[in-house]
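Undergrad: Structure supplied as query-v4.txt; contents: compact mmCIF, C-alpha atoms.
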```txt
# COMPACT_ATOMS: atom_id res chain seq x y z
CA MET W 8 116.51 82.27 142.47
CA PHE W 9 116.80 86.01 141.95
CA ASP W 10 113.54 87.38 140.64
CA PRO W 11 113.99 90.57 138.60
CA PHE W 12 110.26 91.21 138.81
CA TYR W 13 110.13 91.15 142.61
CA PRO W 14 109.60 94.96 142.92
CA PHE W 15 106.49 94.73 140.76
CA ASP W 16 105.18 91.86 142.84
CA TRP W 17 105.87 93.73 146.06
CA LEU W 18 104.16 96.89 144.86
CA ALA W 19 101.07 95.01 143.64
CA THR W 20 100.84 93.20 146.98
CA GLN W 21 101.11 96.47 148.90
CA ILE W 22 98.34 98.08 146.86
CA VAL W 23 95.99 95.12 147.21
CA THR W 24 96.56 94.36 150.89
CA ARG W 25 97.44 97.73 152.44
CA LEU W 26 95.70 100.28 150.26
CA LEU W 27 92.55 98.33 149.42
CA GLY W 28 92.56 96.08 152.46
CA LEU W 29 91.79 92.93 150.48
CA SER W 30 93.12 89.45 151.10
CA GLU W 31 95.42 88.14 148.39
CA VAL W 32 93.57 84.83 148.34
CA SER W 33 90.10 86.33 147.92
CA HIS W 34 88.64 86.25 144.40
CA LEU W 35 88.81 90.01 143.93
CA GLY W 36 92.18 90.37 145.66
CA ALA W 37 93.77 87.63 143.52
CA SER W 38 92.40 89.16 140.32
CA LEU W 39 93.55 92.65 141.23
CA HIS W 40 96.99 91.45 142.23
CA PHE W 41 97.34 89.62 138.92
CA PHE W 42 96.36 92.77 137.02
CA LEU W 43 98.47 95.23 139.02
CA TYR W 44 101.51 92.94 138.87
CA ASP W 45 101.35 92.03 135.18
CA VAL W 46 100.46 95.33 133.52
CA PRO W 47 103.49 97.34 134.76
CA LYS W 48 105.78 94.33 134.41
CA VAL W 49 104.87 93.51 130.81
CA LEU W 50 104.80 97.13 129.66
CA THR W 51 108.20 97.85 131.25
CA LEU W 52 109.73 94.77 129.64
CA LEU W 53 108.17 95.67 126.33
CA ILE W 54 109.63 99.18 126.33
CA ALA W 55 113.08 98.03 127.47
CA ILE W 56 113.45 95.02 125.17
CA SER W 57 112.06 96.66 122.07
CA PHE W 58 114.37 99.63 122.67
CA ILE W 59 117.41 97.35 122.93
CA VAL W 60 116.36 95.24 119.95
CA GLY W 61 115.45 98.32 117.89
CA THR W 62 118.85 99.89 118.58
CA PHE W 63 120.83 96.82 117.60
CA GLN W 64 118.62 95.97 114.66
CA SER W 65 120.00 99.02 112.91
CA PHE W 66 123.22 97.02 112.50
CA LEU W 67 121.39 94.31 110.63
CA GLU W 68 119.84 95.72 107.51
CA PRO W 69 118.41 92.99 105.27
CA GLU W 70 121.07 93.87 102.69
CA LYS W 71 123.76 92.86 105.18
CA VAL W 72 121.98 89.63 106.11
CA ARG W 73 121.65 88.80 102.45
CA HIS W 74 125.36 89.40 101.95
CA TRP W 75 126.18 86.97 104.80
CA LEU W 76 123.86 84.29 103.55
CA ALA W 77 124.77 84.44 99.88
CA GLY W 78 127.03 81.55 98.94
CA LYS W 79 126.41 79.60 102.17
CA ARG W 80 125.94 75.84 101.87
CA THR W 81 122.75 74.04 102.79
CA PHE W 82 122.39 73.11 106.45
CA GLY W 83 125.18 75.41 107.64
CA GLY W 84 123.35 78.15 105.79
CA ASN W 85 120.03 77.06 107.29
CA ILE W 86 121.48 77.28 110.80
CA LEU W 87 122.96 80.72 110.17
CA ALA W 88 119.72 81.97 108.57
CA ALA W 89 117.61 80.78 111.51
CA LEU W 90 120.00 82.33 114.04
CA VAL W 91 120.15 85.66 112.21
CA GLY W 92 116.35 85.57 112.10
CA ILE W 93 116.24 85.83 115.90
CA ILE W 94 117.54 89.37 115.96
CA THR W 95 116.54 90.86 112.65
CA PRO W 96 113.58 93.14 112.16
CA PHE W 97 110.62 91.61 110.48
CA CYS W 98 107.16 92.71 109.57
CA SER W 99 104.93 90.51 107.47
CA CYS W 100 104.58 93.44 105.07
CA SER W 101 108.20 93.05 103.97
CA ALA W 102 108.07 89.26 103.61
CA VAL W 103 107.67 89.36 99.83
CA PRO W 104 110.33 91.97 99.01
CA LEU W 105 112.67 90.06 101.32
CA PHE W 106 111.87 86.72 99.73
CA ILE W 107 112.50 88.07 96.22
CA GLY W 108 115.60 89.97 97.32
CA PHE W 109 117.14 86.84 98.87
CA LEU W 110 116.46 84.64 95.85
CA GLU W 111 117.77 87.36 93.56
CA ALA W 112 121.10 87.23 95.34
CA GLY W 113 121.24 83.48 94.72
CA ILE W 114 120.43 82.38 98.26
CA PRO W 115 118.93 78.87 98.05
CA LEU W 116 115.18 78.51 98.60
CA GLY W 117 115.57 76.36 101.74
CA ILE W 118 117.87 78.86 103.44
CA THR W 119 115.51 81.71 102.54
CA PHE W 120 112.70 79.78 104.22
CA SER W 121 114.74 79.15 107.36
CA TYR W 122 115.09 82.90 107.71
CA LEU W 123 111.49 83.59 106.77
CA ILE W 124 110.28 81.21 109.52
CA SER W 125 112.62 82.24 112.28
CA ALA W 126 112.40 86.03 111.82
CA PRO W 127 108.69 86.47 112.64
CA MET W 128 108.50 83.59 115.13
CA VAL W 129 111.24 84.86 117.42
CA ASN W 130 110.16 88.49 117.62
CA GLU W 131 110.55 90.85 120.54
CA VAL W 132 106.87 91.03 121.47
CA ALA W 133 106.54 87.24 121.73
CA VAL W 134 109.80 86.97 123.65
CA VAL W 135 108.85 89.73 126.08
CA LEU W 136 105.46 88.20 126.77
CA LEU W 137 106.88 84.72 127.28
CA TRP W 138 109.63 86.02 129.55
CA GLY W 139 107.40 88.29 131.58
CA LEU W 140 104.57 85.80 131.96
CA PHE W 141 106.23 82.37 131.96
CA GLY W 142 109.86 82.99 132.91
CA LEU W 143 113.26 82.83 131.29
CA LYS W 144 113.45 79.04 130.96
CA VAL W 145 110.28 78.80 128.88
CA THR W 146 111.46 81.73 126.73
CA LEU W 147 114.79 80.08 125.98
CA LEU W 148 113.04 76.82 125.14
CA TYR W 149 110.70 78.71 122.83
CA ILE W 150 113.63 80.36 121.03
CA GLY W 151 115.52 77.06 120.85
CA PHE W 152 112.61 75.07 119.47
CA GLY W 153 111.65 77.90 117.14
CA VAL W 154 115.13 78.07 115.65
CA GLY W 155 115.20 74.26 115.43
CA LEU W 156 111.92 74.24 113.55
CA ALA W 157 113.13 76.99 111.19
CA ILE W 158 116.28 74.98 110.42
CA ALA W 159 114.41 71.70 109.93
CA ALA W 160 111.54 73.09 107.83
CA GLY W 161 113.88 75.21 105.67
CA TYR W 162 116.24 72.27 105.19
CA THR W 163 113.36 69.99 104.19
CA ILE W 164 112.01 72.50 101.68
CA GLY W 165 115.53 72.80 100.25
CA ARG W 166 115.94 69.03 99.96
CA LEU W 167 112.55 68.61 98.28
CA LYS W 168 113.75 70.92 95.47
CA LEU W 169 110.54 72.92 95.32
CA GLU W 170 111.94 75.80 93.28
CA LYS W 171 109.44 74.89 90.55
CA TRP W 172 106.62 75.98 92.83
CA VAL W 173 107.92 79.51 93.24
CA GLU W 174 106.03 81.85 90.91
CA PRO W 175 108.06 81.99 87.66
CA PHE W 176 108.29 85.79 87.54
CA VAL W 177 110.57 85.66 90.60
CA TRP W 178 113.20 83.75 88.65
CA GLU W 179 112.84 86.15 85.72
CA LEU W 180 113.47 89.04 88.07
CA GLN W 181 116.52 87.21 89.32
CA LYS W 182 117.97 86.89 85.82
CA SER W 183 117.33 90.48 84.86
CA ARG W 184 118.45 92.17 88.04
CA SER W 185 121.20 90.17 89.71
CA VAL W 186 123.97 92.42 88.42
CA ALA W 187 122.33 95.63 89.54
CA VAL W 188 121.71 94.19 93.00
CA GLU W 189 125.40 93.56 93.63
CA THR W 190 126.47 97.13 93.03
CA GLU W 191 123.97 99.09 95.05
CA ASP W 192 124.46 97.16 98.28
CA PHE W 193 127.07 99.26 100.04
CA GLU W 194 126.11 102.81 99.36
CA SER W 195 124.46 103.68 102.65
CA THR W 196 126.51 105.63 105.20
CA PRO W 197 126.88 104.14 108.68
CA LEU W 198 124.62 105.54 111.38
CA THR W 199 125.88 107.27 114.52
CA TRP W 200 125.02 105.84 117.95
CA ASN W 201 122.68 108.74 118.46
CA GLN W 202 120.74 107.79 115.34
CA ARG W 203 120.69 104.14 116.41
CA PHE W 204 119.24 105.06 119.81
CA GLN W 205 116.69 107.21 118.04
CA GLU W 206 115.72 104.24 115.84
CA GLY W 207 115.45 102.07 118.96
CA TRP W 208 113.35 104.63 120.75
CA TYR W 209 111.12 105.11 117.73
CA GLN W 210 110.58 101.39 117.37
CA SER W 211 109.93 100.97 121.07
CA SER W 212 107.29 103.71 121.13
CA GLN W 213 105.67 102.34 117.96
CA ILE W 214 105.38 98.85 119.43
CA LEU W 215 104.06 100.22 122.71
CA GLN W 216 101.46 102.32 120.92
CA SER W 217 100.22 99.41 118.87
CA VAL W 218 99.99 96.78 121.59
CA TRP W 219 99.46 98.45 124.97
CA LEU W 220 95.70 98.27 124.79
CA TYR W 221 95.76 94.57 123.87
CA VAL W 222 98.11 93.94 126.77
CA VAL W 223 95.91 95.74 129.29
CA VAL W 224 92.67 94.13 128.08
CA GLY W 225 94.33 90.71 127.83
CA ILE W 226 95.69 90.98 131.35
CA ALA W 227 92.30 92.14 132.62
CA ILE W 228 90.66 89.03 131.14
CA GLY W 229 93.51 86.89 132.47
CA ALA W 230 93.01 88.48 135.88
CA GLY W 231 89.34 87.60 135.78
CA ILE W 232 90.16 83.98 134.96
CA HIS W 233 92.86 83.94 137.63
CA GLY W 234 90.50 85.05 140.38
CA TYR W 235 87.20 83.49 139.38
CA VAL W 236 87.45 80.49 137.03
CA PRO W 237 87.79 77.22 138.93
CA THR W 238 90.98 75.24 138.30
CA ASN W 239 89.37 71.92 137.48
CA LEU W 240 87.36 73.44 134.65
CA VAL W 241 90.59 74.46 132.91
CA THR W 242 92.34 71.16 133.59
CA GLN W 243 89.39 69.32 132.13
CA LEU W 244 89.27 71.37 128.92
CA ALA W 245 92.91 72.11 128.22
CA GLY W 246 94.81 69.88 130.64
CA ALA W 247 97.37 67.19 129.93
CA ASN W 248 94.64 64.56 129.71
CA ASN W 249 93.05 66.11 126.65
CA PRO W 250 95.13 64.77 123.73
CA LEU W 251 93.53 67.19 121.29
CA ALA W 252 94.47 70.31 123.27
CA VAL W 253 97.69 70.91 121.29
CA PRO W 254 96.21 70.76 117.77
CA ILE W 255 93.22 72.82 118.86
CA ALA W 256 95.53 75.46 120.34
CA VAL W 257 97.48 75.58 117.06
CA ILE W 258 94.35 76.00 114.96
CA LEU W 259 93.04 78.71 117.27
CA GLY W 260 96.39 80.49 117.08
CA VAL W 261 96.50 81.00 113.32
CA PRO W 262 94.00 83.88 112.94
CA LEU W 263 95.19 85.72 116.05
CA TYR W 264 98.34 87.38 114.77
CA ALA W 265 97.70 91.00 115.70
CA ASN W 266 96.45 90.09 119.12
CA ILE W 267 99.33 88.04 120.48
CA ALA W 268 99.85 90.73 123.11
CA GLY W 269 96.31 90.35 124.30
CA VAL W 270 96.08 86.57 124.09
CA MET W 271 99.26 85.66 125.96
CA PRO W 272 98.15 87.03 129.36
CA ILE W 273 94.99 84.94 129.04
CA THR W 274 97.07 81.84 128.47
CA GLU W 275 99.14 82.74 131.54
CA ALA W 276 96.03 82.56 133.67
CA LEU W 277 95.16 79.23 132.04
CA VAL W 278 98.64 77.84 132.72
CA ASN W 279 98.35 78.84 136.38
CA LYS W 280 95.19 76.76 136.42
CA GLY W 281 96.81 73.67 134.95
CA MET W 282 97.09 74.04 131.17
CA PRO W 283 100.40 72.42 130.13
CA LEU W 284 103.19 74.68 128.88
CA GLY W 285 103.78 72.75 125.65
CA THR W 286 100.27 73.65 124.60
CA VAL W 287 101.07 77.31 125.25
CA LEU W 288 104.33 77.16 123.29
CA ALA W 289 102.61 75.51 120.33
CA PHE W 290 99.89 78.13 120.50
CA THR W 291 102.40 81.02 120.55
CA MET W 292 104.32 79.55 117.63
CA ALA W 293 101.13 79.16 115.62
CA VAL W 294 100.21 82.78 116.32
CA THR W 295 103.59 84.15 115.22
CA ALA W 296 104.70 81.78 112.44
CA LEU W 297 101.47 80.78 110.72
CA SER W 298 99.63 84.05 110.62
CA PHE W 299 96.88 84.24 108.06
CA PRO W 300 97.82 87.68 106.66
CA GLU W 301 101.37 86.50 106.05
CA MET W 302 100.14 83.48 104.11
CA VAL W 303 98.03 85.73 101.89
CA ILE W 304 101.06 87.89 101.19
CA LEU W 305 103.34 84.91 100.51
CA ARG W 306 100.85 83.55 98.02
CA LYS W 307 102.03 86.32 95.66
CA VAL W 308 105.37 84.61 95.24
CA LEU W 309 104.57 80.97 96.06
CA ARG W 310 102.42 78.58 94.09
CA PRO W 311 99.60 77.07 96.18
CA GLN W 312 101.49 73.74 96.26
CA LEU W 313 104.54 75.27 97.94
CA LEU W 314 102.38 77.28 100.32
CA ALA W 315 100.60 74.06 101.25
CA VAL W 316 103.90 72.25 101.86
CA PHE W 317 105.11 75.17 103.98
CA ILE W 318 101.92 75.34 106.06
CA SER W 319 101.82 71.54 106.53
CA LEU W 320 105.46 71.33 107.59
CA MET W 321 104.99 74.16 110.07
CA THR W 322 101.72 72.84 111.47
CA LEU W 323 103.12 69.33 111.98
CA GLY W 324 106.33 70.71 113.44
CA ILE W 325 104.53 73.00 115.87
CA ILE W 326 102.12 70.30 117.00
CA GLY W 327 105.09 67.93 117.42
CA ILE W 328 106.91 70.50 119.56
CA GLY W 329 103.80 70.96 121.70
CA TYR W 330 103.49 67.22 122.43
CA LEU W 331 107.22 66.78 122.96
CA PHE W 332 107.24 69.63 125.41
CA ASN W 333 104.24 68.41 127.35
CA ALA W 334 105.84 64.95 127.53
CA LEU W 335 109.20 66.35 128.69
CA LEU W 336 107.70 68.51 131.40
CA ALA W 337 105.12 66.03 132.60
CA MET J 126 110.75 123.60 86.99
CA LYS J 127 109.93 120.01 86.19
CA THR J 128 107.72 117.98 88.42
CA ILE J 129 109.45 115.73 90.89
CA LYS J 130 108.21 112.18 91.15
CA ILE J 131 108.21 110.64 94.59
CA GLU J 132 107.25 107.10 95.45
CA VAL J 133 106.47 105.87 98.92
CA LEU J 134 107.03 102.11 98.99
CA GLY J 135 105.11 100.34 101.70
CA THR J 136 102.32 97.90 102.14
CA GLY J 137 100.00 100.24 103.98
CA CYS J 138 101.35 99.86 107.49
CA LYS J 139 101.36 102.77 109.92
CA LYS J 140 105.00 103.58 109.29
CA CYS J 141 104.37 103.85 105.56
CA GLN J 142 101.57 106.33 106.07
CA GLN J 143 103.79 108.36 108.37
CA LEU J 144 106.47 108.41 105.68
CA GLU J 145 103.98 109.61 103.08
CA ALA J 146 102.88 112.38 105.43
CA ASN J 147 106.53 113.36 105.99
CA ALA J 148 107.16 113.44 102.25
CA LYS J 149 104.12 115.69 101.69
CA ASP J 150 105.30 117.91 104.50
CA ALA J 151 108.78 118.19 102.98
CA ILE J 152 107.36 119.14 99.61
CA ALA J 153 105.10 121.76 101.11
CA ALA J 154 107.98 123.20 103.14
CA LEU J 155 110.14 123.59 100.03
CA ASN J 156 107.26 124.82 97.95
CA LEU J 157 107.86 122.23 95.24
CA GLU J 158 105.68 120.68 92.61
CA ALA J 159 105.71 116.96 93.12
CA GLU J 160 103.71 113.89 92.35
CA ILE J 161 103.50 111.40 95.18
CA LEU J 162 102.64 107.79 94.52
CA HIS J 163 102.08 105.19 97.20
CA ILE J 164 103.25 101.79 95.95
CA THR J 165 101.63 99.02 97.95
CA ASP J 166 102.18 96.01 95.71
CA PRO J 167 105.00 93.99 97.31
CA ILE J 168 106.16 92.78 93.91
CA GLU J 169 106.54 96.32 92.62
CA ILE J 170 108.48 97.11 95.79
CA ALA J 171 110.80 94.15 95.23
CA LYS J 172 111.35 95.21 91.62
CA ARG J 173 112.87 98.43 92.90
CA GLY J 174 115.43 96.40 94.81
CA VAL J 175 113.99 97.26 98.22
CA MET J 176 113.82 94.61 100.95
CA SER J 177 112.71 96.61 103.93
CA THR J 178 109.74 98.92 103.95
CA PRO J 179 108.86 101.73 104.15
CA ALA J 180 111.16 103.10 101.51
CA LEU J 181 111.27 106.29 99.51
CA THR J 182 112.28 106.97 95.91
CA ILE J 183 112.85 110.34 94.28
CA ASN J 184 112.70 110.36 90.48
CA GLY J 185 113.12 106.60 90.41
CA LYS J 186 116.13 106.41 92.72
CA VAL J 187 115.81 104.73 96.13
CA VAL J 188 116.92 107.28 98.72
CA SER J 189 115.90 105.66 101.99
CA LYS J 190 114.66 102.27 103.08
CA GLY J 191 113.58 100.46 106.20
CA LYS J 192 112.81 103.58 108.18
CA VAL J 193 110.46 106.51 108.53
CA THR J 194 112.60 109.30 107.16
CA ALA J 195 111.92 112.62 108.84
CA SER J 196 110.58 115.56 106.87
CA ALA J 197 113.79 117.55 107.37
CA GLU J 198 115.87 114.73 105.96
CA ILE J 199 113.59 114.37 102.95
CA GLN J 200 114.01 118.09 102.33
CA THR J 201 117.79 117.64 102.20
CA LEU J 202 117.37 114.72 99.83
CA LEU J 203 115.08 116.76 97.60
CA GLN J 204 117.57 119.59 97.41
CA ALA J 205 120.51 117.33 96.65
```
Translate this structure into structure tokens?

TA:
Amino acid sequence: MFDPFYPFDWLATQIVTRLLGLSEVSHLGASLHFFLYDVPKVLTLLIAISFIVGTFQSFLEPEKVRHWLAGKRTFGGNILAALVGIITPFCSCSAVPLFIGFLEAGIPLGITFSYLISAPMVNEVAVVLLWGLFGLKVTLLYIGFGVGLAIAAGYTIGRLKLEKWVEPFVWELQKSRSVAVETEDFESTPLTWNQRFQEGWYQSSQILQSVWLYVVVGIAIGAGIHGYVPTNLVTQLAGANNPLAVPIAVILGVPLYANIAGVMPITEALVNKGMPLGTVLAFTMAVTALSFPEMVILRKVLRPQLLAVFISLMTLGIIGIGYLFNALLA
Amino acid sequence: MKTIKIEVLGTGCKKCQQLEANAKDAIAALNLEAEILHITDPIEIAKRGVMSTPALTINGKVVSKGKVTASAEIQTLLQA
């Protein structure tokens, strides 16, 4: 199959074998090749994808998304919300304003959750890292399962009728503001392409600035594992024969939100040594969808009961996906 | 001249701080008297009808949201 990353591979091999005169199978040579191949590859992908996503995101202001989702039926609405979540911008800092804004417009709770799950889970940094480190197939599976989980969890929350566990002030806001919300939606003037590219470029440089160090350090650690840690140690600890590997990976993933860029290259090295991919997918989903800071923020609008339902549904779903995946690929 | 009231709506992320700096810069460039508040409470942000941060309000009216508005653009908004 055509490998778009071949030039990076070639260049890394040239540097290691020709310039440094090391064998690619020696400990040091293997580590260096891993590092010199992954750093330029991941950073290039990161710049390119976040530029593209940033440019097109300017078409999808939350106001527009809200307009699409308002008045949609359950299930169909859940599917649409999860799909829209793939491409829309999301930062955990806007989770609460978004949540309130959606409910204010009369979007059902379950559909709001579908969006709230899918938007942070399928984000450009996670997608870039999965694609660059594990290939296109794994990335598409991740997106597919992520969207599936967002639909299922949102639908379940909708069916359980948990509106009573949303903090009451949210509904009061809805009553008092819903008229005003309607009118102010369409006042912004459309952007020119030039402005959209500028937005994309700005976003791309922001993401690069905030994660490049994690990427480099993560890849350096991954490179160390790749060259020096014996395979059977990894298979023993995190291999397919350890039934607890998936839940442990999920629990480890929750506090790691900011460092996904640094953690993923380490998992790549572990996968090369025999850790099953389902475990990695579950881990990545836990990092992106169950981040601790986001839960703290969501607590402002959700009663503890609803937060607990949300976290349990997500945890079970993610662990389930991890096992399913390991079983399918075994 | 009456004091202008500017609110930077954002939960303390980098972009929000950049926006606050841009707003201060715009005010200094126009030589205006203005009071700048940084609203970090997400509920207060939602009450202003904003769903994407950082956003900017001038005298209570939301003038930009979801982006780091440049100082030059804020100056135009202030003069409008």

Undergrad: When you count all atoms listed in the file, which of these residues is closest to chain J: W:Ile255, W:Leu67, W:Leu148, W:Leu169?

TA: W:Leu67

Undergrad: Ranking W:Pro175, W:Gly92, W:Gly229, W:Gly207 by minimum distance to Ile150 (chain W) and counting only C-alpha atoms, which one comes first?

TA: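 Going through W:Pro175, W:Gly92, W:Gly229, W:Gly207 one by one, the smallest distance to Ile150 (chain W) is for W:Gly92.
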
Undergrad: Report as number ranges by chain all protein, DNA and RNA residues lying within 12 Å of Ala146 (chain J), evaluated on only C-alpha atoms, omitting residues in the same chain fewer than 6 positions from it.

TA: J: 133, 139-140, 152-153, 161-163, 181, 193-196, 199

Undergrad: Using only C-alpha atoms, determine which residues lie at most 9 Å from Ala247 (chain W), disregarding the query and same-chain residues fewer than 4 positions distant; provide the list as a PDB file with C-alpha atoms, keeping the file's coordinate frame.

TA:
```pdb
ATOM      1  CA  THR W 242      92.340  71.160 133.590  1.00  0.00           C
ATOM      2  CA  GLN W 243      89.390  69.320 132.130  1.00  0.00           C
ATOM      3  CA  ALA W 252      94.470  70.310 123.270  1.00  0.00           C
ATOM      4  CA  GLY W 281      96.810  73.670 134.950  1.00  0.00           C
ATOM      5  CA  MET W 282      97.090  74.040 131.170  1.00  0.00           C
ATOM      6  CA  PRO W 283     100.400  72.420 130.130  1.00  0.00           C
ATOM      7  CA  THR W 286     100.270  73.650 124.600  1.00  0.00           C
ATOM      8  CA  ASN W 333     104.240  68.410 127.350  1.00  0.00           C
ATOM      9  CA  ALA W 337     105.120  66.030 132.600  1.00  0.00           C
TER      10      ALA W 337
END
```

Undergrad: Select, from W:Leu220, W:Gly28, W:Trp208, W:Ile118, the residue with the minimum atom-to-atom distance to Lys79 (chain W), counting only C-alpha atoms.

TA: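 Residue with the minimum atom-to-atom distance to Lys79 (chain W): W:Ile118.
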
Undergrad: Find the residues of chain J in contact range of chain W, meaning any atom within 10 Å when counting only C-alpha atoms, and list them as a PyMOL selection string.

TA: chain J and resi 135-140+165-179+187-193

Undergrad: What is the distance between CA of Val72 (chain W) and CA of Ile93 (chain W), in Å to one decimal?

TA: 12.0 Å

Undergrad: Tell me, in Å to one decimal, how far CA of His233 (chain W) is from CA of Gly36 (chain W).

TA: 10.3 Å

Undergrad: Identify, on the basis of all atoms listed in the file, every residue whose closest approach to Val60 (chain W) does not exceed 8 Å; exclude the query and any residue fewer than 4 positions from it along the same chain; express the result as a PyMOL selection string.

TA: chain W and resi 56+64+94+131+207

Undergrad: Emit the selected residues as a CSV table (one decimal), keeping the file's coordinate frame, including C-alpha atoms.

TA:
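Result saved to part.csv:
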```csv
chain,number,residue,atom,x,y,z
W,56,ILE,CA,113.4,95.0,125.2
W,64,GLN,CA,118.6,96.0,114.7
W,94,ILE,CA,117.5,89.4,116.0
W,131,GLU,CA,110.6,90.8,120.5
W,207,GLY,CA,115.4,102.1,119.0
```

Undergrad: When you draw a straight line from CA of Phe141 (chain W) to CA of Leu26 (chain W), how long is it in Å?

TA: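 Distance reported for this atom pair: 27.7 Å.
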
Undergrad: Could you list, as an mmCIF file with C-alpha atoms, keeping the file's coordinate frame, every residue within 12 Å of Leu90 (chain W), counting only C-alpha atoms and ignoring same-chain residues fewer than 6 positions away?

TA:
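Output contents, as saved in out_16.cif:
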```cif
data_model
loop_
_atom_site.group_PDB
_atom_site.id
_atom_site.type_symbol
_atom_site.label_atom_id
_atom_site.label_comp_id
_atom_site.auth_asym_id
_atom_site.auth_seq_id
_atom_site.Cartn_x
_atom_site.Cartn_y
_atom_site.Cartn_z
ATOM 1 C CA VAL W 72 121.980 89.630 106.110
ATOM 2 C CA LEU W 76 123.860 84.290 103.550
ATOM 3 C CA GLY W 83 125.180 75.410 107.640
ATOM 4 C CA GLY W 84 123.350 78.150 105.790
ATOM 5 C CA ILE W 118 117.870 78.860 103.440
ATOM 6 C CA SER W 121 114.740 79.150 107.360
ATOM 7 C CA TYR W 122 115.090 82.900 107.710
ATOM 8 C CA LEU W 123 111.490 83.590 106.770
ATOM 9 C CA ILE W 124 110.280 81.210 109.520
ATOM 10 C CA SER W 125 112.620 82.240 112.280
ATOM 11 C CA ALA W 126 112.400 86.030 111.820
ATOM 12 C CA MET W 128 108.500 83.590 115.130
ATOM 13 C CA VAL W 129 111.240 84.860 117.420
ATOM 14 C CA ILE W 150 113.630 80.360 121.030
ATOM 15 C CA GLY W 151 115.520 77.060 120.850
ATOM 16 C CA PHE W 152 112.610 75.070 119.470
ATOM 17 C CA GLY W 153 111.650 77.900 117.140
ATOM 18 C CA VAL W 154 115.130 78.070 115.650
ATOM 19 C CA GLY W 155 115.200 74.260 115.430
ATOM 20 C CA LEU W 156 111.920 74.240 113.550
ATOM 21 C CA ALA W 157 113.130 76.990 111.190
ATOM 22 C CA ILE W 158 116.280 74.980 110.420
#
```

Undergrad: At a cut-off of 12 Å from (100.6, 112.3, 92.5) in the coordinates of the file, what residues are picked up using only C-alpha atoms, written as a PyMOL selection string?

TA: chain J and resi 128-133+145+148-149+152+158-164

Undergrad: Put those residues in a file: C-alpha atoms, as a PDB file, keeping the file's coordinate frame.

TA:
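Writing done, so here's part39.pdb:
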```pdb
ATOM      1  CA  THR J 128     107.720 117.980  88.420  1.00  0.00           C
ATOM      2  CA  ILE J 129     109.450 115.730  90.890  1.00  0.00           C
ATOM      3  CA  LYS J 130     108.210 112.180  91.150  1.00  0.00           C
ATOM      4  CA  ILE J 131     108.210 110.640  94.590  1.00  0.00           C
ATOM      5  CA  GLU J 132     107.250 107.100  95.450  1.00  0.00           C
ATOM      6  CA  VAL J 133     106.470 105.870  98.920  1.00  0.00           C
ATOM      7  CA  GLU J 145     103.980 109.610 103.080  1.00  0.00           C
ATOM      8  CA  ALA J 148     107.160 113.440 102.250  1.00  0.00           C
ATOM      9  CA  LYS J 149     104.120 115.690 101.690  1.00  0.00           C
ATOM     10  CA  ILE J 152     107.360 119.140  99.610  1.00  0.00           C
ATOM     11  CA  GLU J 158     105.680 120.680  92.610  1.00  0.00           C
ATOM     12  CA  ALA J 159     105.710 116.960  93.120  1.00  0.00           C
ATOM     13  CA  GLU J 160     103.710 113.890  92.350  1.00  0.00           C
ATOM     14  CA  ILE J 161     103.500 111.400  95.180  1.00  0.00           C
ATOM     15  CA  LEU J 162     102.640 107.790  94.520  1.00  0.00           C
ATOM     16  CA  HIS J 163     102.080 105.190  97.200  1.00  0.00           C
ATOM     17  CA  ILE J 164     103.250 101.790  95.950  1.00  0.00           C
TER      18      ILE J 164
END
```

Undergrad: I'd like the contact shell of Ala256 (chain W) - 8 Å cut-off, all atoms listed in the file, skipping same-chain residues fewer than 2 positions apart - returned as a ChimeraX atom specification.

TA: /W:252-254,258-260,286-287,289-290
